[in-house]
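Novice: So I've got this file, data16.cif, and it contains mmCIF, N, CA and C atoms:
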```cif
data_data
loop_
_atom_site.label_atom_id
_atom_site.label_comp_id
_atom_site.auth_asym_id
_atom_site.auth_seq_id
_atom_site.Cartn_x
_atom_site.Cartn_y
_atom_site.Cartn_z
N MET A 1 125.06 -100.05 -184.52
CA MET A 1 126.07 -99.57 -185.43
C MET A 1 127.34 -99.26 -184.64
N ARG A 2 128.45 -99.80 -185.09
CA ARG A 2 129.74 -99.51 -184.47
C ARG A 2 130.30 -98.24 -185.07
N ARG A 3 130.97 -97.48 -184.24
CA ARG A 3 131.58 -96.23 -184.70
C ARG A 3 132.98 -96.14 -184.16
N GLY A 4 133.71 -95.22 -184.69
CA GLY A 4 135.02 -94.93 -184.14
C GLY A 4 136.16 -95.52 -184.96
N THR A 5 137.33 -95.31 -184.42
CA THR A 5 138.56 -95.69 -185.11
C THR A 5 138.65 -97.20 -185.32
N GLY A 6 138.30 -97.97 -184.31
CA GLY A 6 138.36 -99.42 -184.42
C GLY A 6 137.46 -99.95 -185.52
N ALA A 7 136.24 -99.41 -185.59
CA ALA A 7 135.30 -99.83 -186.63
C ALA A 7 135.81 -99.43 -188.01
N PHE A 8 136.39 -98.23 -188.11
CA PHE A 8 136.97 -97.77 -189.38
C PHE A 8 138.06 -98.74 -189.84
N LEU A 9 139.01 -99.05 -188.96
CA LEU A 9 140.10 -99.96 -189.34
C LEU A 9 139.58 -101.36 -189.65
N GLU A 10 138.60 -101.81 -188.91
CA GLU A 10 138.05 -103.14 -189.16
C GLU A 10 137.41 -103.22 -190.54
N GLU A 11 136.64 -102.22 -190.90
CA GLU A 11 135.98 -102.23 -192.21
C GLU A 11 136.97 -102.15 -193.37
N VAL A 12 137.95 -101.25 -193.25
CA VAL A 12 138.89 -101.13 -194.36
C VAL A 12 139.86 -102.31 -194.41
N ALA A 13 140.14 -102.92 -193.28
CA ALA A 13 140.99 -104.13 -193.27
C ALA A 13 140.28 -105.26 -194.02
N GLN A 14 138.98 -105.35 -193.85
CA GLN A 14 138.22 -106.36 -194.60
C GLN A 14 138.32 -106.11 -196.10
N ARG A 15 138.28 -104.85 -196.49
CA ARG A 15 138.33 -104.49 -197.91
C ARG A 15 139.63 -104.98 -198.55
N ILE A 16 140.73 -104.93 -197.81
CA ILE A 16 142.03 -105.33 -198.37
C ILE A 16 142.44 -106.72 -197.90
N ASP A 17 141.51 -107.40 -197.24
CA ASP A 17 141.72 -108.79 -196.82
C ASP A 17 142.93 -108.95 -195.89
N VAL A 18 143.02 -108.06 -194.92
CA VAL A 18 144.05 -108.15 -193.89
C VAL A 18 143.35 -108.41 -192.56
N PRO A 19 143.69 -109.51 -191.89
CA PRO A 19 143.08 -109.76 -190.57
C PRO A 19 143.39 -108.61 -189.62
N LEU A 20 142.42 -108.22 -188.83
CA LEU A 20 142.56 -107.09 -187.94
C LEU A 20 143.76 -107.22 -187.00
N ASP A 21 144.05 -108.43 -186.57
CA ASP A 21 145.17 -108.61 -185.64
C ASP A 21 146.53 -108.53 -186.34
N GLN A 22 146.53 -108.33 -187.66
CA GLN A 22 147.79 -108.21 -188.39
C GLN A 22 148.03 -106.80 -188.94
N ILE A 23 147.14 -105.87 -188.64
CA ILE A 23 147.27 -104.50 -189.15
C ILE A 23 148.64 -103.92 -188.79
N ASP A 24 149.03 -104.03 -187.53
CA ASP A 24 150.30 -103.45 -187.08
C ASP A 24 151.48 -104.07 -187.82
N SER A 25 151.53 -105.39 -187.89
CA SER A 25 152.68 -106.04 -188.52
C SER A 25 152.72 -105.76 -190.03
N VAL A 26 151.57 -105.67 -190.67
CA VAL A 26 151.54 -105.37 -192.11
C VAL A 26 152.01 -103.94 -192.35
N ALA A 27 151.54 -102.99 -191.54
CA ALA A 27 151.93 -101.59 -191.70
C ALA A 27 153.44 -101.42 -191.53
N ARG A 28 154.04 -102.22 -190.66
CA ARG A 28 155.49 -102.12 -190.42
C ARG A 28 156.32 -102.61 -191.62
N GLN A 29 155.70 -103.31 -192.55
CA GLN A 29 156.40 -103.78 -193.74
C GLN A 29 156.47 -102.72 -194.85
N ALA A 30 155.76 -101.62 -194.66
CA ALA A 30 155.67 -100.59 -195.70
C ALA A 30 157.00 -99.91 -195.94
N THR A 31 157.29 -99.65 -197.21
CA THR A 31 158.48 -98.88 -197.56
C THR A 31 158.15 -97.40 -197.72
N HIS A 32 156.86 -97.09 -197.88
CA HIS A 32 156.37 -95.72 -197.91
C HIS A 32 154.91 -95.73 -197.50
N VAL A 33 154.35 -94.57 -197.33
CA VAL A 33 152.96 -94.44 -196.90
C VAL A 33 152.13 -93.94 -198.07
N VAL A 34 151.04 -94.63 -198.36
CA VAL A 34 150.09 -94.17 -199.37
C VAL A 34 149.13 -93.21 -198.66
N HIS A 35 149.13 -91.97 -199.11
CA HIS A 35 148.30 -90.96 -198.44
C HIS A 35 146.84 -91.12 -198.83
N MET A 36 146.00 -91.13 -197.81
CA MET A 36 144.55 -91.23 -198.00
C MET A 36 143.96 -89.84 -197.81
N GLY A 37 143.02 -89.48 -198.63
CA GLY A 37 142.43 -88.16 -198.56
C GLY A 37 141.22 -88.06 -197.65
N SER A 38 140.73 -89.19 -197.15
CA SER A 38 139.50 -89.15 -196.39
C SER A 38 139.57 -90.07 -195.19
N TYR A 39 138.82 -89.71 -194.15
CA TYR A 39 138.66 -90.58 -192.99
C TYR A 39 137.27 -91.24 -193.05
N CYS A 40 136.48 -90.89 -194.03
CA CYS A 40 135.16 -91.48 -194.22
C CYS A 40 135.36 -92.91 -194.75
N THR A 41 134.75 -93.88 -194.09
CA THR A 41 134.94 -95.28 -194.46
C THR A 41 134.55 -95.55 -195.91
N VAL A 42 133.43 -95.01 -196.34
CA VAL A 42 132.96 -95.26 -197.71
C VAL A 42 133.94 -94.69 -198.73
N PHE A 43 134.36 -93.44 -198.54
CA PHE A 43 135.31 -92.84 -199.48
C PHE A 43 136.66 -93.53 -199.43
N THR A 44 137.07 -93.93 -198.24
CA THR A 44 138.37 -94.59 -198.09
C THR A 44 138.37 -95.94 -198.81
N LYS A 45 137.28 -96.68 -198.74
CA LYS A 45 137.20 -97.95 -199.45
C LYS A 45 137.39 -97.74 -200.95
N THR A 46 136.77 -96.69 -201.49
CA THR A 46 136.92 -96.37 -202.91
C THR A 46 138.36 -95.97 -203.21
N GLU A 47 138.94 -95.19 -202.31
CA GLU A 47 140.32 -94.75 -202.49
C GLU A 47 141.29 -95.93 -202.45
N ILE A 48 141.03 -96.89 -201.58
CA ILE A 48 141.87 -98.10 -201.49
C ILE A 48 141.88 -98.83 -202.83
N LEU A 49 140.70 -99.00 -203.42
CA LEU A 49 140.61 -99.68 -204.71
C LEU A 49 141.41 -98.94 -205.78
N ALA A 50 141.34 -97.63 -205.78
CA ALA A 50 142.10 -96.84 -206.76
C ALA A 50 143.61 -97.04 -206.56
N HIS A 51 144.05 -97.05 -205.30
CA HIS A 51 145.47 -97.26 -205.02
C HIS A 51 145.91 -98.67 -205.44
N MET A 52 145.06 -99.66 -205.20
CA MET A 52 145.40 -101.03 -205.58
C MET A 52 145.50 -101.15 -207.11
N ARG A 53 144.56 -100.52 -207.81
CA ARG A 53 144.60 -100.53 -209.28
C ARG A 53 145.85 -99.83 -209.80
N ALA A 54 146.33 -98.85 -209.05
CA ALA A 54 147.53 -98.11 -209.46
C ALA A 54 148.81 -98.88 -209.11
N GLY A 55 148.65 -100.06 -208.48
CA GLY A 55 149.81 -100.90 -208.20
C GLY A 55 150.41 -100.77 -206.81
N GLU A 56 149.77 -100.00 -205.94
CA GLU A 56 150.30 -99.88 -204.58
C GLU A 56 150.12 -101.21 -203.84
N LYS A 57 151.07 -101.52 -203.00
CA LYS A 57 151.06 -102.76 -202.23
C LYS A 57 150.27 -102.58 -200.94
N VAL A 58 149.78 -103.69 -200.41
CA VAL A 58 148.95 -103.68 -199.20
C VAL A 58 149.66 -103.04 -198.00
N PRO A 59 150.93 -103.35 -197.72
CA PRO A 59 151.56 -102.71 -196.55
C PRO A 59 151.55 -101.18 -196.62
N GLU A 60 151.80 -100.63 -197.81
CA GLU A 60 151.81 -99.19 -197.97
C GLU A 60 150.42 -98.60 -197.79
N ILE A 61 149.41 -99.32 -198.24
CA ILE A 61 148.02 -98.88 -198.04
C ILE A 61 147.66 -98.93 -196.57
N VAL A 62 148.04 -99.99 -195.88
CA VAL A 62 147.74 -100.11 -194.45
C VAL A 62 148.43 -98.99 -193.67
N ALA A 63 149.68 -98.71 -194.01
CA ALA A 63 150.38 -97.59 -193.36
C ALA A 63 149.64 -96.28 -193.62
N GLY A 64 149.08 -96.14 -194.81
CA GLY A 64 148.29 -94.96 -195.14
C GLY A 64 147.02 -94.86 -194.32
N LEU A 65 146.42 -96.01 -194.03
CA LEU A 65 145.22 -96.01 -193.19
C LEU A 65 145.55 -95.55 -191.78
N ILE A 66 146.67 -96.04 -191.25
CA ILE A 66 147.09 -95.61 -189.91
C ILE A 66 147.40 -94.11 -189.93
N GLU A 67 148.08 -93.66 -190.99
CA GLU A 67 148.38 -92.24 -191.09
C GLU A 67 147.10 -91.40 -191.15
N SER A 68 146.06 -91.91 -191.80
CA SER A 68 144.81 -91.16 -191.87
C SER A 68 144.19 -91.01 -190.48
N VAL A 69 144.37 -92.02 -189.63
CA VAL A 69 143.89 -91.93 -188.24
C VAL A 69 144.70 -90.87 -187.50
N VAL A 70 146.01 -90.87 -187.70
CA VAL A 70 146.88 -89.87 -187.07
C VAL A 70 146.45 -88.46 -187.49
N LYS A 71 146.22 -88.26 -188.79
CA LYS A 71 145.79 -86.94 -189.27
C LYS A 71 144.48 -86.52 -188.62
N ARG A 72 143.56 -87.46 -188.46
CA ARG A 72 142.26 -87.15 -187.85
C ARG A 72 142.44 -86.77 -186.38
N ILE A 73 143.31 -87.46 -185.67
CA ILE A 73 143.58 -87.13 -184.27
C ILE A 73 144.09 -85.70 -184.17
N VAL A 74 145.04 -85.35 -185.01
CA VAL A 74 145.65 -84.01 -184.97
C VAL A 74 144.66 -82.94 -185.40
N GLU A 75 143.73 -83.28 -186.31
CA GLU A 75 142.69 -82.33 -186.69
C GLU A 75 141.79 -82.00 -185.50
N MET A 76 141.51 -83.00 -184.68
CA MET A 76 140.63 -82.81 -183.53
C MET A 76 141.31 -82.03 -182.42
N ASP A 77 142.63 -82.22 -182.26
CA ASP A 77 143.39 -81.54 -181.21
C ASP A 77 144.85 -81.53 -181.62
N PRO A 78 145.48 -80.35 -181.71
CA PRO A 78 146.88 -80.30 -182.15
C PRO A 78 147.87 -81.00 -181.22
N LEU A 79 147.49 -81.30 -180.00
CA LEU A 79 148.30 -82.09 -179.05
C LEU A 79 149.67 -81.48 -178.77
N SER A 80 149.71 -80.64 -177.80
CA SER A 80 151.00 -80.10 -177.37
C SER A 80 151.34 -80.68 -176.01
N GLY A 81 152.59 -80.62 -175.65
CA GLY A 81 153.03 -81.15 -174.37
C GLY A 81 153.09 -82.67 -174.40
N GLU A 82 153.10 -83.25 -173.21
CA GLU A 82 153.19 -84.71 -173.11
C GLU A 82 151.89 -85.35 -173.60
N VAL A 83 152.02 -86.36 -174.43
CA VAL A 83 150.85 -87.03 -175.00
C VAL A 83 150.88 -88.50 -174.59
N VAL A 84 149.76 -88.94 -174.02
CA VAL A 84 149.58 -90.34 -173.64
C VAL A 84 148.30 -90.82 -174.32
N VAL A 85 148.39 -91.93 -175.04
CA VAL A 85 147.23 -92.44 -175.76
C VAL A 85 146.73 -93.73 -175.09
N SER A 86 145.44 -93.97 -175.26
CA SER A 86 144.84 -95.17 -174.70
C SER A 86 143.79 -95.69 -175.66
N GLY A 87 143.27 -96.86 -175.38
CA GLY A 87 142.22 -97.44 -176.19
C GLY A 87 142.68 -98.72 -176.87
N GLY A 88 141.71 -99.45 -177.37
CA GLY A 88 141.98 -100.73 -178.00
C GLY A 88 142.79 -100.63 -179.28
N VAL A 89 142.56 -99.57 -180.06
CA VAL A 89 143.27 -99.46 -181.33
C VAL A 89 144.77 -99.36 -181.10
N VAL A 90 145.18 -98.47 -180.21
CA VAL A 90 146.62 -98.30 -179.96
C VAL A 90 147.18 -99.47 -179.17
N ALA A 91 146.36 -100.12 -178.36
CA ALA A 91 146.83 -101.30 -177.62
C ALA A 91 147.24 -102.41 -178.58
N HIS A 92 146.51 -102.54 -179.68
CA HIS A 92 146.78 -103.60 -180.65
C HIS A 92 147.63 -103.13 -181.84
N ASN A 93 147.74 -101.82 -181.99
CA ASN A 93 148.48 -101.24 -183.12
C ASN A 93 149.38 -100.11 -182.63
N PRO A 94 150.43 -100.45 -181.89
CA PRO A 94 151.30 -99.40 -181.35
C PRO A 94 151.98 -98.55 -182.43
N ILE A 95 151.97 -99.01 -183.67
CA ILE A 95 152.53 -98.18 -184.75
C ILE A 95 151.79 -96.85 -184.85
N LEU A 96 150.54 -96.82 -184.42
CA LEU A 96 149.78 -95.57 -184.44
C LEU A 96 150.46 -94.53 -183.55
N ALA A 97 150.87 -94.93 -182.35
CA ALA A 97 151.56 -94.00 -181.45
C ALA A 97 152.91 -93.58 -182.03
N GLU A 98 153.59 -94.50 -182.70
CA GLU A 98 154.88 -94.18 -183.32
C GLU A 98 154.71 -93.17 -184.45
N MET A 99 153.69 -93.37 -185.28
CA MET A 99 153.45 -92.44 -186.39
C MET A 99 152.99 -91.09 -185.86
N LEU A 100 152.19 -91.10 -184.80
CA LEU A 100 151.75 -89.85 -184.19
C LEU A 100 152.95 -89.09 -183.62
N ALA A 101 153.86 -89.80 -182.99
CA ALA A 101 155.07 -89.17 -182.43
C ALA A 101 155.89 -88.54 -183.55
N ARG A 102 156.05 -89.24 -184.66
CA ARG A 102 156.80 -88.67 -185.79
C ARG A 102 156.12 -87.40 -186.31
N HIS A 103 154.79 -87.45 -186.37
CA HIS A 103 154.03 -86.30 -186.86
C HIS A 103 154.18 -85.10 -185.92
N LEU A 104 154.11 -85.35 -184.61
CA LEU A 104 154.17 -84.28 -183.62
C LEU A 104 155.60 -83.80 -183.36
N GLY A 105 156.56 -84.69 -183.61
CA GLY A 105 157.95 -84.33 -183.36
C GLY A 105 158.37 -84.50 -181.92
N HIS A 106 157.59 -85.24 -181.15
CA HIS A 106 157.97 -85.55 -179.77
C HIS A 106 157.34 -86.88 -179.36
N PRO A 107 157.86 -87.50 -178.29
CA PRO A 107 157.37 -88.83 -177.90
C PRO A 107 155.87 -88.86 -177.59
N VAL A 108 155.28 -89.99 -177.90
CA VAL A 108 153.89 -90.28 -177.53
C VAL A 108 153.92 -91.58 -176.74
N HIS A 109 153.33 -91.57 -175.58
CA HIS A 109 153.37 -92.73 -174.70
C HIS A 109 152.05 -93.50 -174.80
N ILE A 110 152.15 -94.81 -174.69
CA ILE A 110 150.96 -95.65 -174.65
C ILE A 110 150.70 -96.00 -173.19
N MET A 111 149.50 -95.72 -172.75
CA MET A 111 149.13 -95.98 -171.36
C MET A 111 149.19 -97.48 -171.08
N PRO A 112 149.72 -97.87 -169.92
CA PRO A 112 149.66 -99.30 -169.56
C PRO A 112 148.20 -99.76 -169.56
N HIS A 113 147.99 -100.96 -170.02
CA HIS A 113 146.63 -101.52 -170.11
C HIS A 113 145.72 -100.58 -170.92
N ALA A 114 146.24 -100.11 -172.03
CA ALA A 114 145.57 -99.09 -172.84
C ALA A 114 144.13 -99.43 -173.19
N GLN A 115 143.87 -100.69 -173.46
CA GLN A 115 142.52 -101.08 -173.86
C GLN A 115 141.53 -100.96 -172.69
N LEU A 116 142.03 -101.03 -171.48
CA LEU A 116 141.16 -100.99 -170.30
C LEU A 116 141.07 -99.61 -169.67
N ALA A 117 141.81 -98.65 -170.18
CA ALA A 117 141.91 -97.33 -169.54
C ALA A 117 140.56 -96.67 -169.31
N GLY A 118 139.70 -96.68 -170.31
CA GLY A 118 138.38 -96.06 -170.16
C GLY A 118 137.55 -96.74 -169.09
N ALA A 119 137.57 -98.06 -169.08
CA ALA A 119 136.79 -98.81 -168.08
C ALA A 119 137.34 -98.58 -166.67
N ILE A 120 138.65 -98.54 -166.54
CA ILE A 120 139.27 -98.31 -165.23
C ILE A 120 138.91 -96.89 -164.75
N GLY A 121 139.00 -95.92 -165.64
CA GLY A 121 138.64 -94.55 -165.26
C GLY A 121 137.18 -94.43 -164.86
N ALA A 122 136.30 -95.10 -165.58
CA ALA A 122 134.87 -95.07 -165.23
C ALA A 122 134.62 -95.71 -163.88
N ALA A 123 135.33 -96.81 -163.61
CA ALA A 123 135.17 -97.48 -162.32
C ALA A 123 135.67 -96.60 -161.18
N LEU A 124 136.79 -95.94 -161.38
CA LEU A 124 137.32 -95.05 -160.35
C LEU A 124 136.38 -93.85 -160.12
N PHE A 125 135.84 -93.34 -161.21
CA PHE A 125 134.89 -92.24 -161.11
C PHE A 125 133.64 -92.68 -160.34
N ALA A 126 133.14 -93.86 -160.67
CA ALA A 126 131.94 -94.37 -159.99
C ALA A 126 132.20 -94.65 -158.52
N ALA A 127 133.41 -95.12 -158.21
CA ALA A 127 133.75 -95.42 -156.81
C ALA A 127 133.85 -94.14 -155.98
N ASP A 128 134.17 -93.05 -156.63
CA ASP A 128 134.30 -91.76 -155.94
C ASP A 128 132.93 -91.25 -155.63
#
```
Any chance you could give the structure as structure tokens?
Specialist:
Amino acid sequence: MRRGTGAFLEEVAQRIDVPLDQIDSVARQATHVVHMGSYCTVFTKTEILAHMRAGEKVPEIVAGLIESVVKRIVEMDPLSGEVVVSGGVVAHNPILAEMLARHLGHPVHIMPHAQLAGAIGAALFAAD
């Protein structure tokens, strides 16, 4: 079973028929953000259908999905001071860092080679 932010975005992207590699570009087309009430994949899928029935467009829904990830990050840690993000999701969807920066009110940096950061850190730890 896959878990985490990447799996969440992959599952909900399938629901709205957006290829995973286009999430960032689709979210950037949004004129507003559709707010999602849940980070639970099952509830979010239901919420997406309700928004689509209400006439919301896919870019606005995708932006809402990214915003829901941002809200979840901030729930886990309010993030003060300098913030650097890493991982595959932000490596492929830098809009997440941009939305997080807007939410926090200060810059958020994306680590170079963000997708490899965990593996590089583990290798350095093991070498020590």
Novice: Contacts of Lys45 in chain A at 7 Å or less, counting only N, CA and C atoms, minus same-chain residues fewer than 4 places along, as a PyMOL selection string?
Specialist: chain A and resi 12+15+40-41+49-50
Novice: I'd like to know which of A:Ile61, A:Ala27, A:Leu104, A:Ala91 is closest to Leu116 in chain A, using all atoms listed in the file.
Specialist: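 Smallest distance to Leu116 in chain A is found for A:Ala91.
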Novice: Calculate how many Å separate CA of Ile95 in chain A from CA of Val62 in chain A, rounding to one decimal.
Specialist: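 We find that CA of Ile95 in chain A and CA of Val62 in chain A lie 11.0 Å from each other.
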Novice: Which of these, A:Gln115, A:Ile23, A:Glu60, A:Ile120, has the shortest distance to Val89 in chain A once you count all atoms listed in the file?
Specialist: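 That would be A:Gln115, the residue with the smallest distance to Val89 in chain A.
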Novice: With distances taken over only C-alpha atoms, which residue among A:Val90, A:Val58, A:Ala97, A:Val70 lies nearest Asp17 in chain A?
Specialist: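 Of A:Val90, A:Val58, A:Ala97, A:Val70, the one nearest Asp17 in chain A, counting only C-alpha atoms, is A:Val58.
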Novice: Given all atoms listed in the file as the basis, pick out the residue of A:Ala30, A:Val84, A:Ala7, A:Val108 nearest to Lys57 in chain A.
Specialist: A:Ala30
Novice: Centre and edge lengths, as lines of an AutoDock Vina configuration file, for the axis-aligned box enclosing every listed atom of range 108-116 of chain A with 4 Å of padding on each of the six sides, in Å to one decimal?
Specialist:
```
center_x = 148.2
center_y = -95.8
center_z = -173.7
size_x = 22.2
size_y = 19.5
size_z = 16.3
```
Novice: So which one's closest to Met36 in chain A, A:Ile66, A:Ala127, A:Ala114, A:Ala101? Using only C-alpha atoms, please.
Specialist: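 Comparing A:Ile66, A:Ala127, A:Ala114, A:Ala101 against Met36 in chain A, the winner is A:Ile66.
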Novice: Applying the PyMOL selection byres (((chain A and resi 107 and name CA) around 12) and name CA) to the file I just gave you, which residues come out? Please list them as a PDB file with N, CA and C atoms, in the coordinates of the input.
Specialist:
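Saved file result-v9.pdb follows:
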```pdb
ATOM      1  N   LEU A  79     147.490 -81.300-180.000  1.00  0.00           N
ATOM      2  CA  LEU A  79     148.300 -82.090-179.050  1.00  0.00           C
ATOM      3  C   LEU A  79     149.670 -81.480-178.770  1.00  0.00           C
ATOM      4  N   SER A  80     149.710 -80.640-177.800  1.00  0.00           N
ATOM      5  CA  SER A  80     151.000 -80.100-177.370  1.00  0.00           C
ATOM      6  C   SER A  80     151.340 -80.680-176.010  1.00  0.00           C
ATOM      7  N   GLY A  81     152.590 -80.620-175.650  1.00  0.00           N
ATOM      8  CA  GLY A  81     153.030 -81.150-174.370  1.00  0.00           C
ATOM      9  C   GLY A  81     153.090 -82.670-174.400  1.00  0.00           C
ATOM     10  N   GLU A  82     153.100 -83.250-173.210  1.00  0.00           N
ATOM     11  CA  GLU A  82     153.190 -84.710-173.110  1.00  0.00           C
ATOM     12  C   GLU A  82     151.890 -85.350-173.600  1.00  0.00           C
ATOM     13  N   VAL A  83     152.020 -86.360-174.430  1.00  0.00           N
ATOM     14  CA  VAL A  83     150.850 -87.030-175.000  1.00  0.00           C
ATOM     15  C   VAL A  83     150.880 -88.500-174.590  1.00  0.00           C
ATOM     16  N   VAL A  84     149.760 -88.940-174.020  1.00  0.00           N
ATOM     17  CA  VAL A  84     149.580 -90.340-173.640  1.00  0.00           C
ATOM     18  C   VAL A  84     148.300 -90.820-174.320  1.00  0.00           C
ATOM     19  N   VAL A  85     148.390 -91.930-175.040  1.00  0.00           N
ATOM     20  CA  VAL A  85     147.230 -92.440-175.760  1.00  0.00           C
ATOM     21  C   VAL A  85     146.730 -93.730-175.090  1.00  0.00           C
ATOM     22  N   ALA A  97     150.870 -94.930-182.350  1.00  0.00           N
ATOM     23  CA  ALA A  97     151.560 -94.000-181.450  1.00  0.00           C
ATOM     24  C   ALA A  97     152.910 -93.580-182.030  1.00  0.00           C
ATOM     25  N   GLU A  98     153.590 -94.500-182.700  1.00  0.00           N
ATOM     26  CA  GLU A  98     154.880 -94.180-183.320  1.00  0.00           C
ATOM     27  C   GLU A  98     154.710 -93.170-184.450  1.00  0.00           C
ATOM     28  N   MET A  99     153.690 -93.370-185.280  1.00  0.00           N
ATOM     29  CA  MET A  99     153.450 -92.440-186.390  1.00  0.00           C
ATOM     30  C   MET A  99     152.990 -91.090-185.860  1.00  0.00           C
ATOM     31  N   LEU A 100     152.190 -91.100-184.800  1.00  0.00           N
ATOM     32  CA  LEU A 100     151.750 -89.850-184.190  1.00  0.00           C
ATOM     33  C   LEU A 100     152.950 -89.090-183.620  1.00  0.00           C
ATOM     34  N   ALA A 101     153.860 -89.800-182.990  1.00  0.00           N
ATOM     35  CA  ALA A 101     155.070 -89.170-182.430  1.00  0.00           C
ATOM     36  C   ALA A 101     155.890 -88.540-183.550  1.00  0.00           C
ATOM     37  N   ARG A 102     156.050 -89.240-184.660  1.00  0.00           N
ATOM     38  CA  ARG A 102     156.800 -88.670-185.790  1.00  0.00           C
ATOM     39  C   ARG A 102     156.120 -87.400-186.310  1.00  0.00           C
ATOM     40  N   HIS A 103     154.790 -87.450-186.370  1.00  0.00           N
ATOM     41  CA  HIS A 103     154.030 -86.300-186.860  1.00  0.00           C
ATOM     42  C   HIS A 103     154.180 -85.100-185.920  1.00  0.00           C
ATOM     43  N   LEU A 104     154.110 -85.350-184.610  1.00  0.00           N
ATOM     44  CA  LEU A 104     154.170 -84.280-183.620  1.00  0.00           C
ATOM     45  C   LEU A 104     155.600 -83.800-183.360  1.00  0.00           C
ATOM     46  N   GLY A 105     156.560 -84.690-183.610  1.00  0.00           N
ATOM     47  CA  GLY A 105     157.950 -84.330-183.360  1.00  0.00           C
ATOM     48  C   GLY A 105     158.370 -84.500-181.920  1.00  0.00           C
ATOM     49  N   HIS A 106     157.590 -85.240-181.150  1.00  0.00           N
ATOM     50  CA  HIS A 106     157.970 -85.550-179.770  1.00  0.00           C
ATOM     51  C   HIS A 106     157.340 -86.880-179.360  1.00  0.00           C
ATOM     52  N   VAL A 108     155.280 -89.990-177.900  1.00  0.00           N
ATOM     53  CA  VAL A 108     153.890 -90.280-177.530  1.00  0.00           C
ATOM     54  C   VAL A 108     153.920 -91.580-176.740  1.00  0.00           C
ATOM     55  N   HIS A 109     153.330 -91.570-175.580  1.00  0.00           N
ATOM     56  CA  HIS A 109     153.370 -92.730-174.700  1.00  0.00           C
ATOM     57  C   HIS A 109     152.050 -93.500-174.800  1.00  0.00           C
ATOM     58  N   ILE A 110     152.150 -94.810-174.690  1.00  0.00           N
ATOM     59  CA  ILE A 110     150.960 -95.650-174.650  1.00  0.00           C
ATOM     60  C   ILE A 110     150.700 -96.000-173.190  1.00  0.00           C
TER      61      ILE A 110
END
```
Novice: Hey, can you check how far CA of Asn93 in chain A sits from atom C of Ala119 in chain A?
Specialist: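 Separation between CA of Asn93 in chain A and atom C of Ala119 in chain A: 20.0 Å.
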Novice: Between A:Ala63, A:Val74, A:Leu9, A:Met111, which one has atoms that come closest to His32 in chain A, using all atoms listed in the file?
Specialist: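 When distances to His32 in chain A are compared using all atoms listed in the file, the smallest one comes from A:Ala63.
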Novice: Which distance in Å separates atom C of Arg53 in chain A and atom C of Lys71 in chain A, to one decimal?
Specialist: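 Spanning atom C of Arg53 in chain A to atom C of Lys71 in chain A is a straight-line distance of 25.1 Å.
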Novice: Can you list every residue in chain A that DSSP puts in strand (DSSP E or B), as a PyMOL selection string?
Specialist: chain A and resi 83-85+108-110
Novice: For the selection you just gave me, I'd like the residues written to a file as a compact mmCIF listing (two decimals), in the frame of the given file, keeping N, CA and C atoms.
Specialist:
```txt
# COMPACT_ATOMS: atom_id res chain seq x y z
N VAL A 83 152.02 -86.36 -174.43
CA VAL A 83 150.85 -87.03 -175.00
C VAL A 83 150.88 -88.50 -174.59
N VAL A 84 149.76 -88.94 -174.02
CA VAL A 84 149.58 -90.34 -173.64
C VAL A 84 148.30 -90.82 -174.32
N VAL A 85 148.39 -91.93 -175.04
CA VAL A 85 147.23 -92.44 -175.76
C VAL A 85 146.73 -93.73 -175.09
N VAL A 108 155.28 -89.99 -177.90
CA VAL A 108 153.89 -90.28 -177.53
C VAL A 108 153.92 -91.58 -176.74
N HIS A 109 153.33 -91.57 -175.58
CA HIS A 109 153.37 -92.73 -174.70
C HIS A 109 152.05 -93.50 -174.80
N ILE A 110 152.15 -94.81 -174.69
CA ILE A 110 150.96 -95.65 -174.65
C ILE A 110 150.70 -96.00 -173.19
```
Novice: As a VMD selection string, please: every residue in range 22-117 of chain A that DSSP puts in helix (DSSP H, G or I).
Specialist: chain A and resid 22 to 27 41 to 53 58 to 76 88 to 92 95 to 104 114 to 117
